[in-house]
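Shown next, in structure tokens, is the structure this report addresses.
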Amino acid sequence: MTTRSSPLLSAARYLALALYLGFALFPLYWLLKIALTPDQLIYTEGTRMLPTLTTLENFRTVVFQTPFLSYFRNSLVVSLGTAAVTTLIAAGAGYAFSRFRFRGKKLIIGLMLVTQMFPLLMIIAPIYKMVAALGMLNSLTSLIIVYTAFNIPFATFLMQSFFDGIPRDLEEAAMMDGCTRFQALRKVVFPLTLPGLGATLGFVFTAAWSELLFALMLINSNETMTFPVGLLTFVSKFSVDWGQMMAAGVLALIPSCIFFIFIQRYLVQGLTSGAVKG
Amino acid sequence: MARMELRNVRKSYGSVEVLRDIDLDIDDGEFIVLVGPSGCGKSTLLRMIAGLEPISGGDFLIDGERMNDVRPRDRDIAMVFQSYALYPHMDVARNMGFSMEIRGAPAEERARRVAEAARTLGLDTLLQRLPKELSGGQRQRVAMGRAIIRDPRAFLFDEPLSNLDAALRVEMRLEIARLHQRLGTTMIYVTHDQVEALTLADRIVVLDGGDIQQVGSPLDLYERPANRFVARFIGSPTMNVVPATGAAGGVRLADGARIALPHLGDAGNAVELGIRPEHIDVVGAGAGDLEATAELVEHLGSDTNVYAQVDGLGPMMVRVHGNIAARAGDRLGLKIQARNAHVFAADGTALRRAERSA
Amino acid sequence: MNVRTPTTVAPGETRARSPLYWRYAVEPFVYLSPAVILITLVMLVPLVVGISYSFQSIAILNPLKTGWVGFDNYAALWSDGKFWTALGNTLWWTVASVTLQFGLGLGLALLLNRHFHFRRIVQALVFLPWAVPTFLSALTWAWLFNPVIGPIPHWLAALGILAEPENILGDPDLAMWGPIAANVWFGIPFFAITLLAALQSIPGDLYEAAEMDGASAWQCFTKITLPFLAPMIAITVMLRTIWIANFADLIFVMTGGGPANATQILSSYVFTTAFRKLDFGYASAIAVALLGLLLVYAAILLKIRQKFVKI
């Protein structure tokens, strides 16, 4: 914007950016550092910036001698399942909002907004009772269903904004060219929405991956614990195995980071248009 | 080949009526231009013909067959969109051949027809390009190629030239006219640009406020507009309209001037006089029907535009063929070519003129 | 345009809806129904049920005492000291978190809204905390505050802010700063992302015009940037405030509401009541109270917005 600025000002600007970077990255660095520090050194140099020795021992223990691999798998199943189902359903709803005028549209959008406003914890008790009544406590399916419902409104608004970005003319041209509406959707709209679908998948995956409280409530068997629940249980039981806990934490970070890198470029455009639009 | 009939066709969104009782017959091979200001419903009418917009009431027939409930894909009509609507993820060849692909035509036939159409449109070298790699004019050609490749029974054009610059617009206009001559297929063309309408159309349909104002050949509309709206909409520069009072054999203007209009049977209920800028002659001060001061004079070479302030009447534009020596501030006399004048009644309808002798 | 009243059906004219009409009318609901059904069953019905719970006694651990109790839960709430503490904590937690997140997020957005080397990579790294799962943010920050393995108590002691490197999360006077720090760390990217998008939508020639008019950098900021950002600020602050007031994860993981309820906010109180005590009736009453407060807040903010935001 402004073309000229004094060297002092730009130095201050870079310093500020560096501070932000440090603040953002230091906790993650610390997590990784402790995870890599051998057990016997944690108490003597726990607060040193750089460890004198590093080891992968903690990771090895976590992966092979604890149920974390199973937690990891459960979380992956839940998150991928939620992301896939949510994106599919939200794509349908977003398409309807973007392309059709119909009776009750405002009402449905309003209801979706309502679900974004009230404290989700309000429904934790009813959901627990419903799931228990269906005999679905401790099942990953119930988690997928619940998470899917939670994420549909946001994902729908997000998908709607992506569909809005695709000119209606294209579908109509396809229909003039001999497509049914569904064929037009499949051959013309779908290929163009791929980035949007990817971003939505990413958002929903990350959200499902980090959900803790409902998982705590609905799951208490070791076999179906998701990663957050497992890690928390682990922490409260073995609160001295710092290195192992942090190694587990680093592992939990990996899928989120992969998705984050994937969706990073859509963040600024996608999140805002999806989040703010009503 | 397609003969189209619209019978009392209506369109409404909820309680808002967009089009009312449209009756129109389109002959096979005719070039029809729908024209009107934005919001007049012309694009909606086109989209209803295409099948992209449901018809709220009335009947729409092609070759005698009722089309109201036929899906766009089954109407066998091609359409060129204002935005061209080229599929961004397909190259030019696939864009053009898409309709055949959907209908399951064999690949060789598709390739042959695409190559053929590309040759006529001068797109041979661009077949492997993506739409984003093309210029505006090239995209326009691809859009047309996509339409002609199907050999449909009718073409629809929705303001196809409005995204092009002026020079290209003229070129593509000629291209479309040539296409119509060559194919002889029914074409329906929507535009808000009356020059396009006048140059392309066999017949023009003027729409305003959801109603057909007039249907006729370009010359018809120019010479015998049915009402004040058509009179002012068709023709450039716009027709001058000034208040007038009907009198026997003519009208009396607000400044007291009396214009004899012998070709009109009775101008008794006239309230306005309309005269096109090119139908006013500039004469010496005191020698014309009206006295005026030139406020601004534009020399265009072939013509001269004079923006005049008429005493007792207000502004009026005059176009004179060739160059005249008038300058801003000059006093002029204006002579109205009475046989080219139009008069309008209070409801805006033009008073019928007797048949012209010359 | 003269809009006529809708024409009535002329005699003899059929008004039967065509198949195409039905196709157009029904099609959107085909695409919508899975979403609507799922949201209704999993969110809206439980919401109503949850509200009804607040008028019942539903304690799983005490199955004999089940049934409608009218406003008993609310009466208990009124005389529950923990509720009032949690209410105060909720205010403090929300205001501090939103203010810091917004201020720092705006600063970051302004810094990122200009060209410099490695901008893309810096932006990606600085937004990274947003991708970190909340439970992990909570654990990481809890560990950072831990005097055994975390550096923060030692730094604060070295700066003279703390007398000795004690556990901040164990000190009732300071404990709230732990979750707030984690929340600010986690939430800056949200504000930075949304505000950056809004900044990028301000037409650049406005600044050029202002510069031609002789505006200083500060004037540009207050006369152009802020007014343009105002609608986005209003909506993000409102949504974020509600979200943070409801956000119990960090507190639950870091302190569990302790020590001595010093960090208990209403939403974490809802969760611990439901999760630990399985007292669903009382938990729902707290949740309804929280919802009521949020509604009042949203209504006030919308009123203010109507008054001040012109664009």
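Residue numbers start at 1 in each chain; chains themselves are named A, B, ... in the order of the structure tokens; ligands are numbered from 1 in the order shown.
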Enumerate as a compact mmCIF listing (two decimals) with N, CA, C and O atoms, in the first residue's frame the residues belonging to chain B that approach chain C to within 12 Å, with only C-alpha atoms taken into account.
# COMPACT_ATOMS: atom_id res chain seq x y z
N ASN B 8 -49.81 -16.55 -24.58
CA ASN B 8 -50.11 -16.03 -23.24
C ASN B 8 -49.08 -16.45 -22.21
O ASN B 8 -49.40 -16.79 -21.09
N ARG B 10 -46.55 -16.39 -19.35
CA ARG B 10 -46.38 -15.51 -18.19
C ARG B 10 -45.23 -16.01 -17.35
O ARG B 10 -44.90 -17.19 -17.36
N LYS B 11 -44.63 -15.08 -16.61
CA LYS B 11 -43.63 -15.47 -15.63
C LYS B 11 -43.82 -14.63 -14.38
O LYS B 11 -43.94 -13.42 -14.45
N SER B 12 -43.88 -15.31 -13.25
CA SER B 12 -43.94 -14.55 -12.00
C SER B 12 -43.07 -15.22 -10.96
O SER B 12 -42.91 -16.44 -10.95
N TYR B 13 -42.46 -14.40 -10.14
CA TYR B 13 -41.74 -14.90 -8.97
C TYR B 13 -42.58 -14.54 -7.76
O TYR B 13 -42.68 -13.38 -7.41
N GLY B 14 -43.20 -15.54 -7.15
CA GLY B 14 -44.12 -15.24 -6.07
C GLY B 14 -45.22 -14.35 -6.61
O GLY B 14 -45.89 -14.69 -7.59
N SER B 15 -45.39 -13.16 -6.02
CA SER B 15 -46.46 -12.30 -6.47
C SER B 15 -45.97 -11.25 -7.46
O SER B 15 -46.73 -10.42 -7.92
N VAL B 16 -44.67 -11.29 -7.78
CA VAL B 16 -44.14 -10.30 -8.71
C VAL B 16 -44.21 -10.84 -10.12
O VAL B 16 -43.63 -11.87 -10.44
N GLU B 17 -44.94 -10.13 -10.97
CA GLU B 17 -45.05 -10.56 -12.36
C GLU B 17 -43.92 -9.96 -13.17
O GLU B 17 -43.72 -8.75 -13.19
N VAL B 18 -43.16 -10.81 -13.83
CA VAL B 18 -42.03 -10.34 -14.61
C VAL B 18 -42.40 -10.23 -16.08
O VAL B 18 -41.95 -9.34 -16.79
N LEU B 19 -43.23 -11.16 -16.53
CA LEU B 19 -43.69 -11.12 -17.92
C LEU B 19 -45.18 -11.40 -17.92
O LEU B 19 -45.67 -12.24 -17.17
N ARG B 20 -45.91 -10.66 -18.79
CA ARG B 20 -47.37 -10.80 -18.83
C ARG B 20 -47.82 -11.18 -20.22
O ARG B 20 -47.44 -10.52 -21.18
N ASP B 21 -48.58 -12.22 -20.33
CA ASP B 21 -49.29 -12.54 -21.57
C ASP B 21 -48.49 -12.27 -22.84
O ASP B 21 -48.87 -11.44 -23.66
N PRO B 37 -34.90 -2.20 -22.14
CA PRO B 37 -33.99 -1.77 -21.09
C PRO B 37 -33.76 -2.90 -20.09
O PRO B 37 -34.48 -3.88 -20.09
N SER B 38 -32.75 -2.75 -19.24
CA SER B 38 -32.48 -3.84 -18.30
C SER B 38 -33.65 -3.97 -17.34
O SER B 38 -34.28 -2.99 -16.96
N GLY B 39 -33.99 -5.22 -17.02
CA GLY B 39 -35.12 -5.47 -16.14
C GLY B 39 -36.45 -5.57 -16.87
O GLY B 39 -37.49 -5.70 -16.23
N CYS B 40 -36.42 -5.55 -18.21
CA CYS B 40 -37.68 -5.59 -18.93
C CYS B 40 -38.19 -7.02 -19.09
O CYS B 40 -39.31 -7.24 -19.52
N GLY B 41 -37.34 -8.01 -18.77
CA GLY B 41 -37.79 -9.39 -18.86
C GLY B 41 -37.31 -10.12 -20.09
O GLY B 41 -37.68 -11.28 -20.31
N MET B 48 -36.76 -18.86 -20.61
CA MET B 48 -37.94 -19.72 -20.62
C MET B 48 -38.01 -20.51 -21.92
O MET B 48 -38.40 -21.69 -21.92
N GLY B 51 -35.66 -23.25 -21.54
CA GLY B 51 -36.06 -24.26 -20.56
C GLY B 51 -35.31 -24.13 -19.26
O GLY B 51 -35.41 -24.98 -18.39
N LEU B 52 -34.54 -23.05 -19.10
CA LEU B 52 -33.77 -22.86 -17.88
C LEU B 52 -34.62 -22.24 -16.78
O LEU B 52 -34.24 -22.23 -15.62
N GLU B 53 -35.76 -21.71 -17.17
CA GLU B 53 -36.64 -21.03 -16.23
C GLU B 53 -38.03 -21.61 -16.45
O GLU B 53 -38.48 -21.65 -17.59
N PRO B 54 -38.68 -22.11 -15.40
CA PRO B 54 -40.01 -22.67 -15.63
C PRO B 54 -41.00 -21.59 -16.08
O PRO B 54 -40.87 -20.42 -15.70
N ILE B 55 -41.95 -21.99 -16.90
CA ILE B 55 -42.96 -21.07 -17.42
C ILE B 55 -44.13 -21.04 -16.43
O ILE B 55 -44.67 -22.09 -16.08
N SER B 56 -44.51 -19.85 -15.96
CA SER B 56 -45.55 -19.78 -14.93
C SER B 56 -46.94 -20.00 -15.50
O SER B 56 -47.84 -20.45 -14.81
N GLY B 57 -47.14 -19.64 -16.77
CA GLY B 57 -48.46 -19.83 -17.34
C GLY B 57 -48.41 -19.68 -18.85
O GLY B 57 -47.45 -19.13 -19.39
N GLY B 58 -49.42 -20.17 -19.53
CA GLY B 58 -49.45 -20.10 -20.98
C GLY B 58 -48.73 -21.29 -21.59
O GLY B 58 -48.32 -22.21 -20.89
N ASP B 59 -48.60 -21.26 -22.92
CA ASP B 59 -48.00 -22.39 -23.61
C ASP B 59 -46.85 -21.92 -24.48
O ASP B 59 -46.89 -20.84 -25.07
N ARG B 66 -45.91 -28.94 -27.55
CA ARG B 66 -45.85 -28.14 -26.33
C ARG B 66 -44.55 -28.45 -25.58
O ARG B 66 -44.21 -29.60 -25.34
N MET B 67 -43.82 -27.39 -25.22
CA MET B 67 -42.48 -27.55 -24.67
C MET B 67 -42.40 -27.22 -23.18
O MET B 67 -41.35 -27.39 -22.58
N ASN B 68 -43.49 -26.72 -22.59
CA ASN B 68 -43.43 -26.23 -21.20
C ASN B 68 -42.71 -27.18 -20.26
O ASN B 68 -41.95 -26.77 -19.41
N ASP B 69 -42.98 -28.48 -20.41
CA ASP B 69 -42.43 -29.43 -19.44
C ASP B 69 -41.27 -30.24 -20.00
O ASP B 69 -40.88 -31.25 -19.41
N VAL B 70 -40.74 -29.80 -21.13
CA VAL B 70 -39.60 -30.51 -21.70
C VAL B 70 -38.33 -29.92 -21.12
O VAL B 70 -38.18 -28.71 -21.02
N ARG B 71 -37.43 -30.80 -20.69
CA ARG B 71 -36.18 -30.32 -20.10
C ARG B 71 -35.31 -29.65 -21.16
O ARG B 71 -35.42 -29.98 -22.34
N PRO B 72 -34.42 -28.73 -20.75
CA PRO B 72 -33.57 -28.03 -21.72
C PRO B 72 -32.86 -29.00 -22.65
O PRO B 72 -32.80 -28.79 -23.86
N LEU B 207 -39.49 -5.00 -25.61
CA LEU B 207 -40.13 -5.32 -24.34
C LEU B 207 -39.88 -4.20 -23.35
O LEU B 207 -38.82 -3.58 -23.35
N ASP B 208 -40.89 -3.94 -22.53
CA ASP B 208 -40.67 -3.01 -21.42
C ASP B 208 -41.66 -3.34 -20.33
O ASP B 208 -42.83 -3.57 -20.59
N GLY B 209 -41.17 -3.37 -19.10
CA GLY B 209 -42.05 -3.60 -17.95
C GLY B 209 -42.83 -4.89 -18.04
O GLY B 209 -43.92 -5.00 -17.50
N GLY B 210 -42.29 -5.90 -18.71
CA GLY B 210 -42.95 -7.21 -18.74
C GLY B 210 -43.97 -7.35 -19.86
O GLY B 210 -44.64 -8.37 -19.94
N ASP B 211 -44.11 -6.32 -20.69
CA ASP B 211 -45.06 -6.40 -21.80
C ASP B 211 -44.32 -6.22 -23.13
O ASP B 211 -43.33 -5.51 -23.20
Which chain A residues have any atom within 12 Å of an atom of chain B, and for each, what is the nearest pair of atoms with distance in Å to one decimal, counting only C-alpha atoms, rows sorted by chain and number, as CSV?
residue,atom,partner,partner_atom,distance
A:Phe100,CA,B:Glu53,CA,11.5
A:Arg101,CA,B:Tyr13,CA,9.8
A:Phe102,CA,B:Gly14,CA,10.3
A:Arg103,CA,B:Gly14,CA,10.1
A:Ile166,CA,B:Pro88,CA,10.2
A:Pro167,CA,B:Ala85,CA,7.7
A:Arg168,CA,B:Ala85,CA,8.6
A:Asp169,CA,B:Ala85,CA,5.5
A:Leu170,CA,B:Ala85,CA,4.8
A:Glu171,CA,B:Ala85,CA,8.4
A:Glu172,CA,B:Leu52,CA,6.9
A:Ala173,CA,B:Ala85,CA,6.4
A:Ala174,CA,B:Ser99,CA,7.7
A:Met175,CA,B:Arg73,CA,5.6
A:Met176,CA,B:Arg73,CA,5.3
A:Asp177,CA,B:Ser99,CA,4.5
A:Gly178,CA,B:Arg73,CA,4.0
A:Cys179,CA,B:Arg73,CA,6.1
A:Thr180,CA,B:Arg73,CA,6.9
A:Arg181,CA,B:Arg73,CA,9.5
A:Gln183,CA,B:Ile102,CA,8.8
A:Ala184,CA,B:Ile102,CA,10.0
A:Arg186,CA,B:Ile102,CA,11.9
A:Lys187,CA,B:Ile102,CA,9.7
A:Val188,CA,B:Tyr87,CA,6.9
A:Val189,CA,B:Tyr87,CA,9.2
A:Phe190,CA,B:His89,CA,10.7
A:Pro191,CA,B:His89,CA,7.5
A:Leu192,CA,B:His89,CA,7.3
A:Thr193,CA,B:His89,CA,11.0
A:Leu194,CA,B:His89,CA,11.4
field: Secondary structure check, strand (DSSP E) residues of range 117-260 of chain B, as number ranges by chain
entry: B: 154-158, 186-191, 203-208, 211-216, 240-247, 250-253, 258-260
field: Atomic distance CA of Thr44 in chain B - CA of Gly92 in chain A, expressed in Å with one decimal
entry: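 Taking CA of Thr44 in chain B as the start and CA of Gly92 in chain A as the end point, the length is 26.5 Å.
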- request: Would you give me, as a PyMOL selection string, the residues of chain C that come within 6 Å of chain A, using only C-alpha atoms?
  value: chain C and resi 28+31-32+35+38-39+46-47+50+126+131+133-134+149-151+193-194+197+246+280+287
Can I get the selected residues back with N, CA and C atoms, as a PDB file, in the first residue's frame?
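part32.pdb written:
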ATOM      1  N   PRO C  28     -34.592 -28.892  -4.531  1.00  0.00           N
ATOM      2  CA  PRO C  28     -33.699 -28.413  -3.462  1.00  0.00           C
ATOM      3  C   PRO C  28     -33.802 -29.255  -2.195  1.00  0.00           C
ATOM      4  N   TYR C  31     -31.560 -32.270  -2.096  1.00  0.00           N
ATOM      5  CA  TYR C  31     -30.178 -31.986  -1.728  1.00  0.00           C
ATOM      6  C   TYR C  31     -30.040 -31.632  -0.251  1.00  0.00           C
ATOM      7  N   LEU C  32     -31.096 -31.032   0.304  1.00  0.00           N
ATOM      8  CA  LEU C  32     -31.008 -30.495   1.669  1.00  0.00           C
ATOM      9  C   LEU C  32     -31.347 -31.508   2.746  1.00  0.00           C
ATOM     10  N   ALA C  35     -28.913 -33.032   5.487  1.00  0.00           N
ATOM     11  CA  ALA C  35     -28.399 -32.045   6.430  1.00  0.00           C
ATOM     12  C   ALA C  35     -29.477 -31.665   7.445  1.00  0.00           C
ATOM     13  N   LEU C  38     -30.351 -34.550   9.930  1.00  0.00           N
ATOM     14  CA  LEU C  38     -29.294 -34.809  10.907  1.00  0.00           C
ATOM     15  C   LEU C  38     -29.210 -33.687  11.948  1.00  0.00           C
ATOM     16  N   ILE C  39     -29.274 -32.456  11.475  1.00  0.00           N
ATOM     17  CA  ILE C  39     -29.182 -31.335  12.415  1.00  0.00           C
ATOM     18  C   ILE C  39     -30.371 -31.358  13.371  1.00  0.00           C
ATOM     19  N   PRO C  46     -32.217 -32.437  20.721  1.00  0.00           N
ATOM     20  CA  PRO C  46     -31.528 -32.434  22.017  1.00  0.00           C
ATOM     21  C   PRO C  46     -31.530 -31.063  22.695  1.00  0.00           C
ATOM     22  N   LEU C  47     -31.526 -29.998  21.887  1.00  0.00           N
ATOM     23  CA  LEU C  47     -31.561 -28.661  22.488  1.00  0.00           C
ATOM     24  C   LEU C  47     -32.849 -28.484  23.291  1.00  0.00           C
ATOM     25  N   GLY C  50     -32.722 -30.699  26.209  1.00  0.00           N
ATOM     26  CA  GLY C  50     -31.811 -30.151  27.210  1.00  0.00           C
ATOM     27  C   GLY C  50     -32.489 -29.079  28.046  1.00  0.00           C
ATOM     28  N   VAL C 126       2.778 -18.609  11.212  1.00  0.00           N
ATOM     29  CA  VAL C 126       2.175 -17.817  12.270  1.00  0.00           C
ATOM     30  C   VAL C 126       0.717 -18.252  12.503  1.00  0.00           C
ATOM     31  N   ALA C 131      -4.192 -24.657  13.906  1.00  0.00           N
ATOM     32  CA  ALA C 131      -4.410 -26.041  13.490  1.00  0.00           C
ATOM     33  C   ALA C 131      -4.139 -27.024  14.610  1.00  0.00           C
ATOM     34  N   PRO C 133      -4.719 -29.157  17.669  1.00  0.00           N
ATOM     35  CA  PRO C 133      -5.930 -29.587  18.366  1.00  0.00           C
ATOM     36  C   PRO C 133      -6.011 -28.928  19.748  1.00  0.00           C
ATOM     37  N   THR C 134      -7.214 -28.550  20.151  1.00  0.00           N
ATOM     38  CA  THR C 134      -7.330 -27.770  21.392  1.00  0.00           C
ATOM     39  C   THR C 134      -6.800 -28.526  22.603  1.00  0.00           C
ATOM     40  N   ILE C 149       9.274 -28.907  34.052  1.00  0.00           N
ATOM     41  CA  ILE C 149       9.741 -29.009  32.670  1.00  0.00           C
ATOM     42  C   ILE C 149       9.456 -27.773  31.834  1.00  0.00           C
ATOM     43  N   GLY C 150       8.730 -26.801  32.364  1.00  0.00           N
ATOM     44  CA  GLY C 150       8.374 -25.638  31.565  1.00  0.00           C
ATOM     45  C   GLY C 150       9.261 -24.450  31.892  1.00  0.00           C
ATOM     46  N   PRO C 151       9.538 -23.618  30.917  1.00  0.00           N
ATOM     47  CA  PRO C 151      10.432 -22.484  31.139  1.00  0.00           C
ATOM     48  C   PRO C 151       9.738 -21.257  31.717  1.00  0.00           C
ATOM     49  N   ILE C 193      -6.735 -14.046  10.402  1.00  0.00           N
ATOM     50  CA  ILE C 193      -7.204 -14.550   9.106  1.00  0.00           C
ATOM     51  C   ILE C 193      -8.411 -13.752   8.630  1.00  0.00           C
ATOM     52  N   THR C 194      -9.406 -13.608   9.500  1.00  0.00           N
ATOM     53  CA  THR C 194     -10.617 -12.913   9.061  1.00  0.00           C
ATOM     54  C   THR C 194     -10.330 -11.441   8.767  1.00  0.00           C
ATOM     55  N   ALA C 197      -8.411 -11.005   5.508  1.00  0.00           N
ATOM     56  CA  ALA C 197      -9.286 -11.115   4.344  1.00  0.00           C
ATOM     57  C   ALA C 197     -10.038  -9.810   4.138  1.00  0.00           C
ATOM     58  N   ASN C 246     -18.297 -20.228  25.575  1.00  0.00           N
ATOM     59  CA  ASN C 246     -18.723 -21.624  25.591  1.00  0.00           C
ATOM     60  C   ASN C 246     -17.561 -22.612  25.629  1.00  0.00           C
ATOM     61  N   PHE C 280     -27.556 -34.408  35.281  1.00  0.00           N
ATOM     62  CA  PHE C 280     -27.926 -33.756  34.025  1.00  0.00           C
ATOM     63  C   PHE C 280     -28.908 -32.611  34.230  1.00  0.00           C
ATOM     64  N   ALA C 287     -26.481 -24.550  31.928  1.00  0.00           N
ATOM     65  CA  ALA C 287     -26.341 -24.294  30.497  1.00  0.00           C
ATOM     66  C   ALA C 287     -27.402 -23.313  30.007  1.00  0.00           C
TER      67      ALA C 287
END
- prompt: range 256-266 of chain B: which residues within 12 Å, counting only C-alpha atoms, same-chain residues fewer than 5 positions away excluded, as a PyMOL selection string?
  reply: chain B and resi 242-251+272-275+288-291+310-313+334-345+350-358
- request: Using CA of Trp218 in chain C and CA of Leu199 in chain C as the two end points, give the distance in Å to one decimal.
  value: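 For CA of Trp218 in chain C relative to CA of Leu199 in chain C, the distance reads 15.5 Å.
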- prompt: Can you tell me, as number ranges by chain, what residues are no more than 12 Å from Pro67 in chain A when counting only C-alpha atoms, ignoring any on the same chain fewer than 3 positions away?
  reply: A: 61-64, 70-74, 221-227, 229-231, 233-234, 248
Neighbours of Val35 in chain B within 10 Å (only C-alpha atoms; same-chain residues fewer than 2 positions away dropped), as a PDB file with C-alpha atoms, in the first residue's frame?
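Saved the output as part_37.pdb:
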ATOM      1  CA  ILE B  32     -35.692 -12.395 -33.853  1.00  0.00           C
ATOM      2  CA  VAL B  33     -34.108  -9.821 -31.565  1.00  0.00           C
ATOM      3  CA  PRO B  37     -33.989  -1.765 -21.088  1.00  0.00           C
ATOM      4  CA  SER B  38     -32.477  -3.841 -18.299  1.00  0.00           C
ATOM      5  CA  CYS B  40     -37.682  -5.594 -18.935  1.00  0.00           C
ATOM      6  CA  GLY B  41     -37.792  -9.394 -18.856  1.00  0.00           C
ATOM      7  CA  LYS B  42     -36.068 -10.100 -22.167  1.00  0.00           C
ATOM      8  CA  SER B  43     -33.469 -12.447 -20.685  1.00  0.00           C
ATOM      9  CA  GLU B 159     -26.297 -10.503 -24.988  1.00  0.00           C
ATOM     10  CA  TYR B 189     -31.084 -12.819 -29.806  1.00  0.00           C
ATOM     11  CA  VAL B 190     -31.313 -10.719 -26.648  1.00  0.00           C
ATOM     12  CA  THR B 191     -29.621  -7.366 -26.435  1.00  0.00           C
ATOM     13  CA  HIS B 192     -30.047  -3.945 -24.941  1.00  0.00           C
ATOM     14  CA  ASP B 193     -28.066  -2.435 -27.769  1.00  0.00           C
ATOM     15  CA  GLN B 194     -30.419  -1.137 -30.430  1.00  0.00           C
ATOM     16  CA  GLU B 196     -27.305  -4.755 -32.793  1.00  0.00           C
ATOM     17  CA  ALA B 197     -31.067  -5.108 -32.924  1.00  0.00           C
ATOM     18  CA  LEU B 198     -31.476  -2.929 -36.002  1.00  0.00           C
ATOM     19  CA  ILE B 204     -37.475  -6.908 -33.395  1.00  0.00           C
ATOM     20  CA  VAL B 205     -39.534  -7.495 -30.265  1.00  0.00           C
ATOM     21  CA  VAL B 206     -39.438  -4.475 -27.974  1.00  0.00           C
ATOM     22  CA  LEU B 207     -40.128  -5.321 -24.339  1.00  0.00           C
ATOM     23  CA  ASP B 208     -40.670  -3.007 -21.423  1.00  0.00           C
ATOM     24  CA  ILE B 212     -44.363  -6.563 -25.515  1.00  0.00           C
ATOM     25  CA  PHE B 233     -35.914   3.422 -27.426  1.00  0.00           C
ATOM     26  CA  ILE B 234     -35.268   2.761 -31.116  1.00  0.00           C
TER      27      ILE B 234
END
- prompt: For the atom pair CA of Ala83 in chain A and CA of Thr200 in chain A, what is the interatomic distance in Å to one decimal place?
  reply: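 Separation between CA of Ala83 in chain A and CA of Thr200 in chain A: 7.8 Å.
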- prompt: Near Gly103 in chain C, counting only C-alpha atoms, which residues have an atom at most 12 Å away, once you skip same-chain residues fewer than 3 positions from it, shown as a list in words?
  reply: Val95, Ala96, Ser97, Val98, Thr99, Leu100, Leu106, Gly107, Leu108, Ala109, Leu110, Val184, Gly187, Ile188, Pro189, Phe190, Phe191, Ala192, Leu195, Ile233 and Val237 of chain C
message: Which residues are near Leu168 in chain B? Cut-off 12 Å, only C-alpha atoms, ignore same chain within fewer than 2 positions. Put them as a VMD selection string.
response: chain B and resid 135 to 141 160 to 166 170 to 175
DSSP helix (DSSP H, G or I) residues within range 80-296 of chain C, listed as JSON, numbers by chain: {"C": [81, 82, 83, 84, 85, 86, 87, 88, 89, 90, 91, 92, 93, 94, 95, 96, 97, 98, 99, 100, 101, 102, 103, 104, 105, 106, 107, 108, 109, 110, 111, 112, 119, 120, 121, 122, 123, 124, 125, 126, 128, 129, 130, 131, 134, 135, 136, 137, 138, 139, 140, 141, 142, 143, 144, 152, 153, 154, 155, 156, 157, 158, 168, 169, 170, 177, 178, 179, 180, 181, 182, 183, 184, 185, 186, 187, 188, 189, 190, 191, 192, 193, 194, 195, 196, 197, 198, 199, 200, 204, 205, 206, 207, 208, 209, 210, 211, 212, 217, 218, 219, 220, 221, 222, 223, 224, 225, 226, 227, 228, 229, 230, 231, 232, 233, 234, 235, 236, 237, 238, 239, 240, 241, 242, 243, 244, 245, 249, 250, 251, 252, 253, 254, 266, 267, 268, 269, 270, 271, 272, 273, 274, 275, 280, 281, 282, 283, 284, 285, 286, 287, 288, 289, 290, 291, 292, 293, 294, 295, 296]}
